[in-house]
Structure formats: C-alpha cells, structure tokens
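Participant: Dropping in query.pdb, with PDB, C-alpha atoms.
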```
ATOM      1  CA  MET V   1     101.242  77.184 113.711  1.00  0.00           C
ATOM      2  CA  ILE V   2      97.942  78.812 114.679  1.00  0.00           C
ATOM      3  CA  ASP V   3      99.534  82.235 114.135  1.00  0.00           C
ATOM      4  CA  PHE V   4     100.329  81.302 110.549  1.00  0.00           C
ATOM      5  CA  VAL V   5      96.689  80.275 110.007  1.00  0.00           C
ATOM      6  CA  TRP V   6      95.436  83.639 111.284  1.00  0.00           C
ATOM      7  CA  LEU V   7      97.993  85.546 109.211  1.00  0.00           C
ATOM      8  CA  GLY V   8      97.012  83.542 106.138  1.00  0.00           C
ATOM      9  CA  GLY V   9      93.367  84.433 106.730  1.00  0.00           C
ATOM     10  CA  ALA V  10      94.246  88.098 107.192  1.00  0.00           C
ATOM     11  CA  ALA V  11      96.256  88.033 103.955  1.00  0.00           C
ATOM     12  CA  PHE V  12      93.337  86.460 102.051  1.00  0.00           C
ATOM     13  CA  LEU V  13      90.901  89.119 103.289  1.00  0.00           C
ATOM     14  CA  ALA V  14      93.433  91.884 102.618  1.00  0.00           C
ATOM     15  CA  GLY V  15      93.932  90.612  99.070  1.00  0.00           C
ATOM     16  CA  LEU V  16      90.169  90.555  98.461  1.00  0.00           C
ATOM     17  CA  VAL V  17      89.582  94.111  99.694  1.00  0.00           C
ATOM     18  CA  ASP V  18      92.719  95.493  98.068  1.00  0.00           C
ATOM     19  CA  ALA V  19      91.836  93.998  94.676  1.00  0.00           C
ATOM     20  CA  VAL V  20      88.560  95.921  94.634  1.00  0.00           C
ATOM     21  CA  VAL V  21      89.288  99.298  96.228  1.00  0.00           C
ATOM     22  CA  GLY V  22      92.712  99.240  97.874  1.00  0.00           C
ATOM     23  CA  GLY V  23      93.169  99.490 101.628  1.00  0.00           C
ATOM     24  CA  GLY V  24      94.233  95.893 102.205  1.00  0.00           C
ATOM     25  CA  GLY V  25      97.057  97.168 104.369  1.00  0.00           C
ATOM     26  CA  LEU V  26      94.442  98.132 106.970  1.00  0.00           C
ATOM     27  CA  ILE V  27      93.946  94.417 107.557  1.00  0.00           C
ATOM     28  CA  GLN V  28      97.336  92.838 106.855  1.00  0.00           C
ATOM     29  CA  VAL V  29      99.756  95.287 108.509  1.00  0.00           C
ATOM     30  CA  PRO V  30      98.057  95.358 111.954  1.00  0.00           C
ATOM     31  CA  ALA V  31      97.732  91.555 111.818  1.00  0.00           C
ATOM     32  CA  ILE V  32     101.392  90.885 111.104  1.00  0.00           C
ATOM     33  CA  PHE V  33     102.521  93.394 113.742  1.00  0.00           C
ATOM     34  CA  SER V  34     100.140  91.880 116.288  1.00  0.00           C
ATOM     35  CA  PHE V  35     101.191  88.245 115.790  1.00  0.00           C
ATOM     36  CA  LEU V  36     104.949  88.904 115.501  1.00  0.00           C
ATOM     37  CA  PRO V  37     105.661  91.613 118.091  1.00  0.00           C
ATOM     38  CA  LYS V  38     109.317  90.588 118.587  1.00  0.00           C
ATOM     39  CA  GLU V  39     110.346  91.073 114.956  1.00  0.00           C
ATOM     40  CA  ALA V  40     111.878  94.331 113.736  1.00  0.00           C
ATOM     41  CA  PRO V  41     109.281  96.676 112.146  1.00  0.00           C
ATOM     42  CA  ALA V  42     111.320  96.877 108.926  1.00  0.00           C
ATOM     43  CA  THR V  43     111.257  93.069 108.649  1.00  0.00           C
ATOM     44  CA  LEU V  44     107.497  92.991 109.131  1.00  0.00           C
ATOM     45  CA  LEU V  45     106.993  95.732 106.553  1.00  0.00           C
ATOM     46  CA  GLY V  46     109.237  93.901 104.104  1.00  0.00           C
ATOM     47  CA  THR V  47     107.310  90.658 104.609  1.00  0.00           C
ATOM     48  CA  ASN V  48     104.060  92.572 104.147  1.00  0.00           C
ATOM     49  CA  LYS V  49     105.341  93.996 100.844  1.00  0.00           C
ATOM     50  CA  LEU V  50     106.313  90.533  99.598  1.00  0.00           C
ATOM     51  CA  ALA V  51     102.777  89.273 100.173  1.00  0.00           C
ATOM     52  CA  SER V  52     101.197  92.473  98.854  1.00  0.00           C
ATOM     53  CA  ILE V  53     103.053  92.570  95.559  1.00  0.00           C
ATOM     54  CA  CYS V  54     101.989  89.004  94.771  1.00  0.00           C
ATOM     55  CA  GLY V  55      98.346  89.737  95.529  1.00  0.00           C
ATOM     56  CA  THR V  56      98.381  93.045  93.661  1.00  0.00           C
ATOM     57  CA  SER V  57     100.112  91.477  90.648  1.00  0.00           C
ATOM     58  CA  ALA V  58      97.494  88.722  90.510  1.00  0.00           C
ATOM     59  CA  ALA V  59      94.742  91.351  90.628  1.00  0.00           C
ATOM     60  CA  ALA V  60      96.459  93.410  87.917  1.00  0.00           C
ATOM     61  CA  VAL V  61      96.742  90.387  85.607  1.00  0.00           C
ATOM     62  CA  ASN V  62      93.123  89.385  86.235  1.00  0.00           C
ATOM     63  CA  TYR V  63      91.876  92.908  85.505  1.00  0.00           C
ATOM     64  CA  ALA V  64      94.014  93.106  82.352  1.00  0.00           C
ATOM     65  CA  ARG V  65      92.378  89.926  81.045  1.00  0.00           C
ATOM     66  CA  ARG V  66      88.811  91.097  81.602  1.00  0.00           C
ATOM     67  CA  VAL V  67      88.826  94.910  81.678  1.00  0.00           C
ATOM     68  CA  ARG V  68      90.352  97.311  79.187  1.00  0.00           C
ATOM     69  CA  VAL V  69      93.228  98.857  81.164  1.00  0.00           C
ATOM     70  CA  ALA V  70      94.044 102.456  80.238  1.00  0.00           C
ATOM     71  CA  TRP V  71      97.761 101.764  79.714  1.00  0.00           C
ATOM     72  CA  SER V  72      98.351 105.248  78.317  1.00  0.00           C
ATOM     73  CA  ALA V  73      97.662 106.573  81.820  1.00  0.00           C
ATOM     74  CA  ALA V  74      98.606 103.566  83.961  1.00  0.00           C
ATOM     75  CA  ALA V  75     102.092 102.974  82.505  1.00  0.00           C
ATOM     76  CA  PRO V  76     103.497 106.536  82.951  1.00  0.00           C
ATOM     77  CA  ALA V  77     101.942 106.705  86.434  1.00  0.00           C
ATOM     78  CA  ALA V  78     103.539 103.369  87.358  1.00  0.00           C
ATOM     79  CA  LEU V  79     106.998 104.453  86.172  1.00  0.00           C
ATOM     80  CA  ALA V  80     106.780 107.713  88.125  1.00  0.00           C
ATOM     81  CA  ALA V  81     105.485 105.889  91.211  1.00  0.00           C
ATOM     82  CA  PHE V  82     108.330 103.377  91.049  1.00  0.00           C
ATOM     83  CA  ALA V  83     110.949 106.149  91.014  1.00  0.00           C
ATOM     84  CA  LEU V  84     109.378 108.406  93.614  1.00  0.00           C
ATOM     85  CA  SER V  85     108.625 105.665  96.134  1.00  0.00           C
ATOM     86  CA  PHE V  86     112.395 105.305  96.527  1.00  0.00           C
ATOM     87  CA  VAL V  87     112.574 109.043  97.254  1.00  0.00           C
ATOM     88  CA  GLY V  88     109.733 108.771  99.752  1.00  0.00           C
ATOM     89  CA  ALA V  89     111.404 105.878 101.563  1.00  0.00           C
ATOM     90  CA  TRP V  90     114.653 107.848 101.766  1.00  0.00           C
ATOM     91  CA  THR V  91     112.838 110.984 102.976  1.00  0.00           C
ATOM     92  CA  VAL V  92     111.085 109.187 105.816  1.00  0.00           C
ATOM     93  CA  THR V  93     114.514 108.362 107.269  1.00  0.00           C
ATOM     94  CA  ARG V  94     115.355 112.074 107.303  1.00  0.00           C
ATOM     95  CA  VAL V  95     112.081 113.869 108.027  1.00  0.00           C
ATOM     96  CA  PRO V  96     109.446 112.901 110.639  1.00  0.00           C
ATOM     97  CA  GLY V  97     106.131 111.871 109.099  1.00  0.00           C
ATOM     98  CA  ASP V  98     103.974 113.137 111.976  1.00  0.00           C
ATOM     99  CA  PHE V  99     102.690 116.136 110.000  1.00  0.00           C
ATOM    100  CA  VAL V 100     101.437 113.914 107.175  1.00  0.00           C
ATOM    101  CA  ARG V 101      99.860 111.518 109.675  1.00  0.00           C
ATOM    102  CA  SER V 102      97.986 114.371 111.354  1.00  0.00           C
ATOM    103  CA  LEU V 103      96.607 115.622 108.030  1.00  0.00           C
ATOM    104  CA  LEU V 104      95.559 112.227 106.694  1.00  0.00           C
ATOM    105  CA  PRO V 105      92.152 111.897 108.441  1.00  0.00           C
ATOM    106  CA  PHE V 106      91.093 115.302 107.067  1.00  0.00           C
ATOM    107  CA  ILE V 107      92.256 114.472 103.531  1.00  0.00           C
ATOM    108  CA  LEU V 108      90.385 111.171 103.615  1.00  0.00           C
ATOM    109  CA  LEU V 109      87.284 112.891 105.001  1.00  0.00           C
ATOM    110  CA  ALA V 110      87.339 115.345 102.084  1.00  0.00           C
ATOM    111  CA  VAL V 111      87.660 112.424  99.623  1.00  0.00           C
ATOM    112  CA  ALA V 112      84.721 110.601 101.251  1.00  0.00           C
ATOM    113  CA  ILE V 113      82.459 113.684 101.302  1.00  0.00           C
ATOM    114  CA  TYR V 114      83.279 114.543  97.686  1.00  0.00           C
ATOM    115  CA  THR V 115      82.603 110.967  96.505  1.00  0.00           C
ATOM    116  CA  PHE V 116      79.378 110.678  98.531  1.00  0.00           C
ATOM    117  CA  ARG V 117      77.973 113.993  97.285  1.00  0.00           C
ATOM    118  CA  LYS V 118      78.850 113.311  93.632  1.00  0.00           C
ATOM    119  CA  LYS V 119      76.402 110.448  93.122  1.00  0.00           C
ATOM    120  CA  ASP V 120      77.410 110.005  89.480  1.00  0.00           C
ATOM    121  CA  LEU V 121      81.170 110.141  90.132  1.00  0.00           C
ATOM    122  CA  GLY V 122      82.809 107.127  88.514  1.00  0.00           C
ATOM    123  CA  ALA V 123      79.534 105.744  87.172  1.00  0.00           C
ATOM    124  CA  VAL V 124      80.494 106.227  83.518  1.00  0.00           C
ATOM    125  CA  HIS V 125      83.876 105.731  81.875  1.00  0.00           C
ATOM    126  CA  ALA V 126      84.472 109.013  80.031  1.00  0.00           C
ATOM    127  CA  PRO V 127      88.217 109.848  79.877  1.00  0.00           C
ATOM    128  CA  VAL V 128      88.868 113.589  79.812  1.00  0.00           C
ATOM    129  CA  HIS V 129      92.543 113.607  78.764  1.00  0.00           C
ATOM    130  CA  THR V 130      94.393 112.272  75.740  1.00  0.00           C
ATOM    131  CA  GLY V 131      97.920 112.345  74.349  1.00  0.00           C
ATOM    132  CA  MET V 132     100.556 114.392  76.120  1.00  0.00           C
ATOM    133  CA  ALA V 133      98.087 115.900  78.613  1.00  0.00           C
ATOM    134  CA  GLU V 134      97.094 112.429  79.778  1.00  0.00           C
ATOM    135  CA  ARG V 135     100.722 111.366  80.172  1.00  0.00           C
ATOM    136  CA  TRP V 136     101.637 114.474  82.173  1.00  0.00           C
ATOM    137  CA  TRP V 137      98.662 114.029  84.502  1.00  0.00           C
ATOM    138  CA  ALA V 138      99.641 110.367  84.911  1.00  0.00           C
ATOM    139  CA  VAL V 139     103.260 111.210  85.739  1.00  0.00           C
ATOM    140  CA  CYS V 140     102.233 113.853  88.285  1.00  0.00           C
ATOM    141  CA  ILE V 141      99.733 111.578  90.025  1.00  0.00           C
ATOM    142  CA  GLY V 142     102.088 108.586  89.930  1.00  0.00           C
ATOM    143  CA  ALA V 143     104.945 110.656  91.357  1.00  0.00           C
ATOM    144  CA  ALA V 144     102.813 112.060  94.188  1.00  0.00           C
ATOM    145  CA  ILE V 145     101.315 108.684  95.118  1.00  0.00           C
ATOM    146  CA  GLY V 146     104.676 106.908  94.778  1.00  0.00           C
ATOM    147  CA  PHE V 147     106.307 109.399  97.133  1.00  0.00           C
ATOM    148  CA  TYR V 148     103.425 109.080  99.587  1.00  0.00           C
ATOM    149  CA  ASP V 149     103.572 105.278  99.476  1.00  0.00           C
ATOM    150  CA  GLY V 150     107.298 105.271 100.224  1.00  0.00           C
ATOM    151  CA  PHE V 151     107.009 107.967 102.872  1.00  0.00           C
ATOM    152  CA  PHE V 152     103.901 106.783 104.717  1.00  0.00           C
ATOM    153  CA  GLY V 153     101.575 104.489 102.752  1.00  0.00           C
ATOM    154  CA  PRO V 154      98.104 103.861 104.270  1.00  0.00           C
ATOM    155  CA  GLY V 155      95.297 104.188 101.737  1.00  0.00           C
ATOM    156  CA  THR V 156      97.554 104.335  98.668  1.00  0.00           C
ATOM    157  CA  GLY V 157      95.268 102.139  96.559  1.00  0.00           C
ATOM    158  CA  SER V 158      92.151 104.063  97.573  1.00  0.00           C
ATOM    159  CA  PHE V 159      93.810 107.409  96.796  1.00  0.00           C
ATOM    160  CA  LEU V 160      94.834 106.095  93.374  1.00  0.00           C
ATOM    161  CA  ILE V 161      91.301 104.999  92.523  1.00  0.00           C
ATOM    162  CA  PHE V 162      89.870 108.366  93.574  1.00  0.00           C
ATOM    163  CA  LEU V 163      92.463 110.289  91.534  1.00  0.00           C
ATOM    164  CA  PHE V 164      91.898 108.189  88.404  1.00  0.00           C
ATOM    165  CA  VAL V 165      88.150 108.776  88.737  1.00  0.00           C
ATOM    166  CA  ARG V 166      88.358 112.471  89.591  1.00  0.00           C
ATOM    167  CA  PHE V 167      91.115 113.661  87.252  1.00  0.00           C
ATOM    168  CA  PHE V 168      90.878 111.183  84.364  1.00  0.00           C
ATOM    169  CA  GLY V 169      87.131 110.611  84.179  1.00  0.00           C
ATOM    170  CA  PHE V 170      87.430 106.830  84.632  1.00  0.00           C
ATOM    171  CA  ASP V 171      84.628 104.763  86.084  1.00  0.00           C
ATOM    172  CA  PHE V 172      85.401 103.029  89.382  1.00  0.00           C
ATOM    173  CA  LEU V 173      86.061  99.642  87.791  1.00  0.00           C
ATOM    174  CA  SER V 174      88.527 101.006  85.219  1.00  0.00           C
ATOM    175  CA  ALA V 175      90.157 103.162  87.907  1.00  0.00           C
ATOM    176  CA  SER V 176      90.623 100.124  90.134  1.00  0.00           C
ATOM    177  CA  ALA V 177      92.260  98.222  87.255  1.00  0.00           C
ATOM    178  CA  ALA V 178      94.671 101.101  86.503  1.00  0.00           C
ATOM    179  CA  ALA V 179      95.414 101.567  90.199  1.00  0.00           C
ATOM    180  CA  LYS V 180      96.619  97.966  90.489  1.00  0.00           C
ATOM    181  CA  ILE V 181      99.313  98.600  87.860  1.00  0.00           C
ATOM    182  CA  VAL V 182     100.625 101.580  89.828  1.00  0.00           C
ATOM    183  CA  ASN V 183     100.364  99.636  93.097  1.00  0.00           C
ATOM    184  CA  VAL V 184     102.583  96.898  91.690  1.00  0.00           C
ATOM    185  CA  ALA V 185     105.248  99.492  90.826  1.00  0.00           C
ATOM    186  CA  CYS V 186     105.106 101.015  94.334  1.00  0.00           C
ATOM    187  CA  ASN V 187     105.342  97.612  96.013  1.00  0.00           C
ATOM    188  CA  LEU V 188     108.185  96.455  93.770  1.00  0.00           C
ATOM    189  CA  SER V 189     110.227  99.548  94.537  1.00  0.00           C
ATOM    190  CA  ALA V 190     109.826  99.076  98.297  1.00  0.00           C
ATOM    191  CA  LEU V 191     110.378  95.319  98.104  1.00  0.00           C
ATOM    192  CA  MET V 192     113.702  95.795  96.304  1.00  0.00           C
ATOM    193  CA  TRP V 193     114.940  97.920  99.195  1.00  0.00           C
ATOM    194  CA  PHE V 194     113.686  95.554 101.893  1.00  0.00           C
ATOM    195  CA  GLY V 195     115.138  92.547 100.071  1.00  0.00           C
ATOM    196  CA  TYR V 196     118.493  94.243  99.567  1.00  0.00           C
ATOM    197  CA  SER V 197     118.674  95.154 103.264  1.00  0.00           C
ATOM    198  CA  GLY V 198     117.658  91.645 104.374  1.00  0.00           C
ATOM    199  CA  HIS V 199     114.366  92.644 106.000  1.00  0.00           C
ATOM    200  CA  LEU V 200     112.235  89.717 104.848  1.00  0.00           C
ATOM    201  CA  LEU V 201     110.725  86.585 106.402  1.00  0.00           C
ATOM    202  CA  TRP V 202     110.615  84.561 103.198  1.00  0.00           C
ATOM    203  CA  GLN V 203     108.618  81.519 104.362  1.00  0.00           C
ATOM    204  CA  LEU V 204     105.897  83.559 106.044  1.00  0.00           C
ATOM    205  CA  GLY V 205     105.904  86.045 103.173  1.00  0.00           C
ATOM    206  CA  MET V 206     105.340  83.326 100.579  1.00  0.00           C
ATOM    207  CA  LEU V 207     102.538  81.752 102.635  1.00  0.00           C
ATOM    208  CA  MET V 208     100.799  85.103 102.929  1.00  0.00           C
ATOM    209  CA  ALA V 209     101.481  85.779  99.241  1.00  0.00           C
ATOM    210  CA  ALA V 210      99.608  82.610  98.262  1.00  0.00           C
ATOM    211  CA  CYS V 211      96.662  83.651 100.440  1.00  0.00           C
ATOM    212  CA  GLN V 212      96.779  87.177  99.030  1.00  0.00           C
ATOM    213  CA  ILE V 213      96.617  85.810  95.497  1.00  0.00           C
ATOM    214  CA  GLY V 214      93.526  83.779  96.381  1.00  0.00           C
ATOM    215  CA  GLY V 215      91.836  86.817  97.901  1.00  0.00           C
ATOM    216  CA  SER V 216      92.832  89.021  94.967  1.00  0.00           C
ATOM    217  CA  LEU V 217      91.376  86.647  92.407  1.00  0.00           C
ATOM    218  CA  LEU V 218      88.080  86.528  94.303  1.00  0.00           C
ATOM    219  CA  GLY V 219      88.107  90.319  94.731  1.00  0.00           C
ATOM    220  CA  THR V 220      88.612  91.018  91.027  1.00  0.00           C
ATOM    221  CA  ARG V 221      85.849  88.544  90.144  1.00  0.00           C
ATOM    222  CA  LEU V 222      83.446  90.370  92.487  1.00  0.00           C
ATOM    223  CA  ALA V 223      84.439  93.783  91.119  1.00  0.00           C
ATOM    224  CA  ILE V 224      84.061  92.708  87.487  1.00  0.00           C
ATOM    225  CA  LYS V 225      80.778  90.888  88.149  1.00  0.00           C
ATOM    226  CA  HIS V 226      79.091  93.689  90.108  1.00  0.00           C
ATOM    227  CA  GLY V 227      80.653  96.662  88.300  1.00  0.00           C
ATOM    228  CA  SER V 228      81.424 100.253  89.246  1.00  0.00           C
ATOM    229  CA  ALA V 229      78.449 100.714  91.600  1.00  0.00           C
ATOM    230  CA  PHE V 230      79.748  97.906  93.848  1.00  0.00           C
ATOM    231  CA  VAL V 231      83.307  99.277  93.739  1.00  0.00           C
ATOM    232  CA  ARG V 232      82.057 102.762  94.648  1.00  0.00           C
ATOM    233  CA  LYS V 233      80.159 101.466  97.702  1.00  0.00           C
ATOM    234  CA  LEU V 234      83.095  99.420  98.977  1.00  0.00           C
ATOM    235  CA  PHE V 235      85.400 102.378  98.288  1.00  0.00           C
ATOM    236  CA  LEU V 236      83.326 104.554 100.633  1.00  0.00           C
ATOM    237  CA  VAL V 237      83.353 101.831 103.309  1.00  0.00           C
ATOM    238  CA  VAL V 238      87.146 101.456 103.140  1.00  0.00           C
ATOM    239  CA  VAL V 239      87.783 105.217 103.119  1.00  0.00           C
ATOM    240  CA  SER V 240      85.462 105.643 106.125  1.00  0.00           C
ATOM    241  CA  THR V 241      87.401 102.913 107.952  1.00  0.00           C
ATOM    242  CA  LEU V 242      90.661 104.642 107.067  1.00  0.00           C
ATOM    243  CA  ILE V 243      89.333 107.913 108.510  1.00  0.00           C
ATOM    244  CA  VAL V 244      88.490 106.251 111.833  1.00  0.00           C
ATOM    245  CA  LYS V 245      91.788 104.338 111.945  1.00  0.00           C
ATOM    246  CA  THR V 246      94.046 107.311 111.128  1.00  0.00           C
ATOM    247  CA  ALA V 247      92.125 109.639 113.450  1.00  0.00           C
ATOM    248  CA  PHE V 248      92.447 107.119 116.293  1.00  0.00           C
ATOM    249  CA  ASP V 249      96.181 106.757 115.643  1.00  0.00           C
ATOM    250  CA  ALA V 250      96.581 110.548 115.724  1.00  0.00           C
ATOM    251  CA  VAL V 251      94.743 110.790 119.068  1.00  0.00           C
ATOM    252  CA  VAL V 252      96.857 107.989 120.571  1.00  0.00           C
ATOM    253  CA  ARG V 253     100.082 109.712 119.498  1.00  0.00           C
ATOM    254  CA  LEU V 254      98.945 113.017 121.022  1.00  0.00           C
ATOM    255  CA  ALA V 255      98.106 111.262 124.287  1.00  0.00           C
ATOM    256  CA  GLN V 256     101.569 109.689 124.576  1.00  0.00           C
TER     257      GLN V 256
END
```
How would this structure read if it were set down as structure tokens?

Facilitator:
Amino acid sequence: MIDFVWLGGAAFLAGLVDAVVGGGGLIQVPAIFSFLPKEAPATLLGTNKLASICGTSAAAVNYARRVRVAWSAAAPAALAAFALSFVGAWTVTRVPGDFVRSLLPFILLAVAIYTFRKKDLGAVHAPVHTGMAERWWAVCIGAAIGFYDGFFGPGTGSFLIFLFVRFFGFDFLSASAAAKIVNVACNLSALMWFGYSGHLLWQLGMLMAACQIGGSLLGTRLAIKHGSAFVRKLFLVVVSTLIVKTAFDAVVRLAQ
C-alpha cells in the first residue's frame, strides 16, 4: 500500500512539472521502475503512458480554456507526431538507441545555452509563420518529435516547447499549451500499442492518472498565473536536470 502512496505522489509531481515545461517522465518513470522492479519494462512503460496521457490531456484542456492555442500549428504537428511515434516504436525494436542516448546530453546542453543566452527568447508571442509555411513547419517538427518519442522519449515535452518558441516565435506559455496537444498525440499512439499488447497495470495506472490530473491542473494554473517568465525559468531547470540525468546514464552504460 505504501508503494502506491509514493507512486501517487510521484505522479502528482510529474503532472505538475510536465504541465508547465514537460519533463515529467524524469520523475514518474524512475519512480515506477524503482517500486516495481519485478514487472516487465514494457508493462511499466505502458502503465506510465496511461497515467501520462490523462495528465497531459487535463493540462491540454485547461490550457485551451484559458490560453489561445495555436491550433493551426498544434493540430498538424499532433497528427504527424501520432503517425511517426508508431514508426519510432517499431524502429527501436530493430535499431539500438545507444547512439541517440549518447548524443542527448550535448543536444540538451545546446538548447540550454541557447535559451539562457537569448534573454528575450519566448518573452513575446510573435508568430513568424502563417498558412502553408506554418503547416509544413508543424508537420516536420511533429514528425521528428513523434519519432523521437516512440524511439527514445526523455525530454519530449521540453524539446517541443523549445521548438515552438524557436521556430514559430511563440512565447513560452503559448508554446507550452501547443506542446501539450502534441504530447497527447504521442502518448495516445504509444498507449494504443501497449494496450493492444497487454502491457498495462490498469489499477495502478488509473490511480497514477488521477494524481497526474491533479498535478497537471495545478501546473497549468501556475503557468497561466505567472506567465512566460516563470515557464522559461522552470524550463531551464528541467533541461539542466535532463542534461545531468542523461549524462550520468551515458557514463554508467560506458562503465558496464
């Protein structure tokens, strides 16, 4: 019983962080693997996705009610992400992901340095694309992130926010809102596969889903109340944590 309490707490915190800047998987995935070491990894990942999609959906709905979501960019990106996450999941069963894992700390470091140096990045919502150009950019970014999420996954939400800010000219709050729509598509695609293959712990997943929803609602309230400056600061904190985590994982794998 105590394990369920801890996992519920981890899910709540993951939902809160993920609703603002992504990166909730940094909290929830290690927790579920730590408390249920005897379960198959695929089952734990499936259970994680069940909780995550509920929390992300709650955040997406809450943002849509209070922030103008750029659907012209978010919808094409979500459709592309949904399709390509299947391809990424299939690819990971055929091609080792070690090369991507080894590059990830350096990619995240570049994102952090760029965001830190550009003090005004994401401060003002000034979209730079319209019409067909916007849709093509959205499809390309959604496809790349969808593939990455299916193939590997850590930091997907944070990457999405950065890309919406950098390539679309969104402020951090609007980028976070759009990112949630794409995140839902990625999670749904993966969850369909895990559900079809029977890799789900439904009772635990629903408990964690309820906690994720609570955390997501609080996270969106904080983001909307404090605005883009708050989201930017938390974004840098989460990306810095991701750098340390992925670098540590890379060192551990090399030592084995």

Participant: Check the smallest atom-to-atom distance from each of V:Gly142, V:Gly219, V:Gly25, V:Gly227 to Ala75 of chain V using only C-alpha atoms, then report the winner.

Facilitator: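 Closest to Ala75 of chain V of all the choices is V:Gly142.
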
Participant: Would you kindly translate the PyMOL selection byres ((chain V and resi 23) around 10) into the concrete residues it picks from this file, as a VMD selection string?

Facilitator: chain V and resid 14 to 22 24 to 28 153 to 159 235 238 to 239 241 to 242

Participant: Find the residue from V:Ser57, V:Ser240, V:Gln212, V:Ser176 that sits nearest to Ala70 of chain V; use all atoms listed in the file when measuring.

Facilitator: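 Of all the options, V:Ser176 lies closest to Ala70 of chain V.
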
Participant: Just the number, please: distance in Å from atom CA of Gly146 of chain V to atom CA of Ile243 of chain V, one decimal.

Facilitator: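 Here the two named atoms are 20.6 Å from each other.
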
Participant: To one decimal place, how far is atom CA of Phe116 of chain V from atom CA of Ala60 of chain V in Å?

Facilitator: 26.5 Å

Participant: Find, counting all atoms listed in the file, the residue in V:Thr130, V:Thr47, V:Asn183, V:Ser34 that gets nearest to Ala80 of chain V.

Facilitator: V:Asn183

Participant: Point out the residue among V:Leu234, V:Ala247, V:Ala64, V:Leu50 with the least atom-to-atom distance to Ala178 of chain V, counting only C-alpha atoms.

Facilitator: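 So, comparing all the options, the nearest one is V:Ala64.
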
Participant: Once the PyMOL selection byres ((chain V and resi 220) around 8) is applied to the coordinates I shared, what remains selected? I want it as a ChimeraX atom specification.

Facilitator: /V:16,19-20,59,62-63,216-219,221-224

Participant: Go through V:Leu163, V:Val252, V:Ala190, V:Ala138 and flag the residue nearest Phe82 of chain V, using all atoms listed in the file for the distances.

Facilitator: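 Checking each candidate against Phe82 of chain V, we get V:Ala190 as the closest.
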
Participant: Between V:Leu160, V:Leu204, V:Ile145, V:Leu79, which has the minimum distance to Thr43 of chain V (counting all atoms listed in the file)?

Facilitator: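 Checking each candidate against Thr43 of chain V, we get V:Leu204 as the closest.
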
Participant: Can you spell out as a PyMOL selection string the set of residues that the PyMOL selection byres ((chain V and resi 209) around 9) selects in the structure I just provided?

Facilitator: chain V and resi 8+11-12+15+48+50-55+204-208+210-214

Participant: Quick one: distance from atom CA of Leu188 of chain V to atom CA of Gly215 of chain V in Å, one decimal?

Facilitator: 19.4 Å
